[in-house]
Each structure stands twice: as C-alpha cells, then as structure tokens.
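Working notes, beginning with the structure itself.
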Amino acid sequence: MAEPKARERESRFARLFSAEVFRQREHQTLGERARHAYRQLQEVHRGLGSGKAIAQDLPSLFALFEWSAMLAPELFLVLSGHFNLTLNALLKLGRGRTDLEDYLRELDSGASVGVFLLTELGHGSTVFS
C-alpha cells in the first residue's frame, strides 16, 4: 500500500518541479534569487494545494524539501519558514484559537507567506549567502 502512495507522490513532485519557474537561472543577484524563491512557493501552492495538508503530511513535506534541496535550493529556506516555522507552529501551538483563523486561511492558500528572521548580533547575516 505504501509503494503506490510513494510512486504517486514522486510523480506529483516530478510534475511540479518540471514547471518553468523551477528551471535554473544564471547570473541572478542575491535579491533576484530570493524574490524568485517566493514565486516558486506560489507554484508549490498552485501545484500541491492546501498548505495545511502539505504541512501535516510528513512524507509529502519531506519529499518537498528533498526535491527543493536538489532543484531549487533558495526555495528550501522559504519552505522551512513557511511550512515548519510558521504554518505548522500555528497549527500545533495555536490549536483552538479563533483569532488565528484568518492568518491560517491565508497561509493555507499561499496568499500570505510565513517567514522567519535571522540575525547575528553586531554582524548581520543573509540566509541566502
């Protein structure tokens, strides 16, 4: 039973990552690569649907991370902030909180993107570098 599910999942991700938005682009600046990762996230939502469903289906979430690590490395960090650090955190820690419903709806659809901030005191940092 697990094998047909795994094959279907691999097929879904192969179709998703064959889209034009995931093709490698040469000579992009750091800012261009970062902006492009958010366009790729929009394509993930279009191709796979509900963010909640993706975040809560660990085999699919892990496969998404694996595919992005190989084919869209900048997307990997955006996925982590969106699905793990924001959406999954709100789903688990905010269970039963009606004041979060609008935010969860926007994150689920991809209308809003979950983010995280990273800094090194006194030095600054860039996740994409």
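Letters A, B, ... mark the chains of the structure tokens in the order given; residue numbers begin at 1 per chain; ligand numbers begin at 1, in order shown.
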
As a ChimeraX atom specification, please: the residues near Gln24 (chain A) (cut-off 12 Å, only C-alpha atoms, same-chain neighbours under 4 positions excluded).
/A:17-20,28,33,36-37,40,68,70-75

Contacts of region 91-95 of chain A at 8 Å or less, counting only C-alpha atoms, minus same-chain residues fewer than 4 places along, as a VMD selection string?
chain A and resid 87 100 104

For Leu64 (chain A): contacts at 12 Å, only C-alpha atoms, fewer than 2 positions along chain excluded, given as a ChimeraX atom specification
/A:9-14,16-17,40-41,44-45,47-48,51,54-55,57-62,66-73,75-80,83

Can I get the selected residues back with N, CA and C atoms, as a tab-separated table (two decimals), in the first residue's frame?
```tsv
chain	number	residue	atom	x	y	z
A	9	ARG	N	3.23	10.14	-5.11
A	9	ARG	CA	3.85	11.35	-4.56
A	9	ARG	C	5.04	11.77	-5.42
A	10	GLU	N	5.89	10.82	-5.80
A	10	GLU	CA	7.04	11.14	-6.64
A	10	GLU	C	6.60	11.70	-7.98
A	11	SER	N	5.54	11.15	-8.53
A	11	SER	CA	5.01	11.64	-9.80
A	11	SER	C	4.50	13.08	-9.66
A	12	ARG	N	3.80	13.37	-8.56
A	12	ARG	CA	3.31	14.74	-8.31
A	12	ARG	C	4.47	15.73	-8.23
A	13	PHE	N	5.52	15.34	-7.52
A	13	PHE	CA	6.65	16.25	-7.36
A	13	PHE	C	7.45	16.39	-8.66
A	14	ALA	N	7.54	15.33	-9.42
A	14	ALA	CA	8.22	15.42	-10.72
A	14	ALA	C	7.48	16.41	-11.63
A	16	LEU	N	5.46	18.87	-10.60
A	16	LEU	CA	5.61	20.20	-10.00
A	16	LEU	C	6.96	20.81	-10.36
A	17	PHE	N	8.04	20.08	-10.13
A	17	PHE	CA	9.38	20.64	-10.32
A	17	PHE	C	9.82	20.69	-11.78
A	40	GLN	N	8.43	30.62	-6.61
A	40	GLN	CA	8.41	29.16	-6.58
A	40	GLN	C	7.45	28.65	-5.51
A	41	LEU	N	7.42	29.30	-4.36
A	41	LEU	CA	6.48	28.91	-3.31
A	41	LEU	C	5.04	29.04	-3.80
A	44	VAL	N	4.31	26.05	-5.74
A	44	VAL	CA	4.09	24.89	-4.86
A	44	VAL	C	2.63	24.86	-4.40
A	45	HIS	N	2.11	26.01	-3.98
A	45	HIS	CA	0.72	26.07	-3.56
A	45	HIS	C	-0.24	25.77	-4.71
A	47	GLY	N	0.41	23.96	-7.35
A	47	GLY	CA	0.58	22.57	-7.78
A	47	GLY	C	0.16	21.53	-6.76
A	48	LEU	N	0.31	21.85	-5.47
A	48	LEU	CA	0.04	20.85	-4.43
A	48	LEU	C	-1.19	21.16	-3.59
A	51	GLY	N	-1.81	24.31	2.00
A	51	GLY	CA	-0.60	24.35	2.80
A	51	GLY	C	-0.71	23.51	4.05
A	54	ILE	N	-0.18	19.88	3.15
A	54	ILE	CA	1.24	19.61	2.91
A	54	ILE	C	1.99	19.55	4.23
A	55	ALA	N	1.77	20.55	5.08
A	55	ALA	CA	2.49	20.64	6.35
A	55	ALA	C	2.22	19.45	7.26
A	57	ASP	N	1.25	16.35	6.26
A	57	ASP	CA	1.57	15.07	5.63
A	57	ASP	C	3.09	14.97	5.56
A	58	LEU	N	3.69	14.40	6.59
A	58	LEU	CA	5.15	14.41	6.70
A	58	LEU	C	5.87	13.78	5.52
A	59	PRO	N	5.45	12.63	4.99
A	59	PRO	CA	6.15	12.11	3.81
A	59	PRO	C	6.14	13.09	2.63
A	60	SER	N	5.02	13.78	2.42
A	60	SER	CA	4.97	14.78	1.34
A	60	SER	C	5.83	15.99	1.67
A	61	LEU	N	5.79	16.44	2.91
A	61	LEU	CA	6.61	17.58	3.30
A	61	LEU	C	8.09	17.26	3.14
A	62	PHE	N	8.50	16.07	3.58
A	62	PHE	CA	9.90	15.67	3.44
A	62	PHE	C	10.30	15.56	1.97
A	66	GLU	N	13.20	17.55	-0.05
A	66	GLU	CA	14.23	16.85	-0.82
A	66	GLU	C	14.31	17.38	-2.25
A	67	TRP	N	13.16	17.50	-2.89
A	67	TRP	CA	13.14	18.00	-4.27
A	67	TRP	C	13.68	19.42	-4.34
A	68	SER	N	13.28	20.26	-3.40
A	68	SER	CA	13.74	21.65	-3.45
A	68	SER	C	15.23	21.74	-3.15
A	69	ALA	N	15.75	20.91	-2.27
A	69	ALA	CA	17.19	20.94	-1.98
A	69	ALA	C	18.00	20.64	-3.24
A	70	MET	N	17.47	19.76	-4.07
A	70	MET	CA	18.19	19.39	-5.29
A	70	MET	C	17.98	20.38	-6.43
A	71	LEU	N	16.75	20.88	-6.59
A	71	LEU	CA	16.40	21.63	-7.79
A	71	LEU	C	16.14	23.12	-7.56
A	72	ALA	N	15.91	23.51	-6.33
A	72	ALA	CA	15.59	24.92	-6.04
A	72	ALA	C	16.10	25.26	-4.64
A	73	PRO	N	17.41	25.33	-4.45
A	73	PRO	CA	17.98	25.50	-3.11
A	73	PRO	C	17.48	26.73	-2.34
A	75	LEU	N	14.57	27.99	-2.48
A	75	LEU	CA	13.22	27.67	-2.04
A	75	LEU	C	13.24	26.89	-0.73
A	76	PHE	N	14.25	26.08	-0.52
A	76	PHE	CA	14.35	25.25	0.68
A	76	PHE	C	14.17	26.09	1.94
A	77	LEU	N	14.84	27.22	2.01
A	77	LEU	CA	14.75	28.08	3.20
A	77	LEU	C	13.37	28.73	3.32
A	78	VAL	N	12.78	29.10	2.21
A	78	VAL	CA	11.45	29.69	2.23
A	78	VAL	C	10.43	28.65	2.69
A	79	LEU	N	10.58	27.41	2.21
A	79	LEU	CA	9.69	26.33	2.63
A	79	LEU	C	9.77	26.12	4.14
A	80	SER	N	10.98	26.13	4.66
A	80	SER	CA	11.17	25.92	6.10
A	80	SER	C	10.47	26.99	6.91
A	83	PHE	N	6.32	26.55	5.97
A	83	PHE	CA	5.61	25.36	6.44
A	83	PHE	C	5.95	24.98	7.88
```

List the neighbours of Ser50 (chain A) out to 6 Å using only C-alpha atoms; skip same-chain residues closer than 3 positions along the sequence, and give me the result as a PyMOL selection string.
chain A and resi 53+108-109

Pick out each residue of chain A that DSSP on the backbone tags as helix (DSSP H, G or I); I need them as a ChimeraX atom specification.
/A:2-17,20-22,30-48,51-56,58-71,73-93,98-109

Considering only C-alpha atoms, can you say which of A:Arg39, A:Arg46, A:Arg97, A:His82 comes closest to Val21 (chain A)?
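Closest to Val21 (chain A), using only C-alpha atoms: A:Arg39.
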
For the atom pair CA of Glu32 (chain A) and CA of Ala89 (chain A), what is the interatomic distance in Å to one decimal place?
28.3 Å
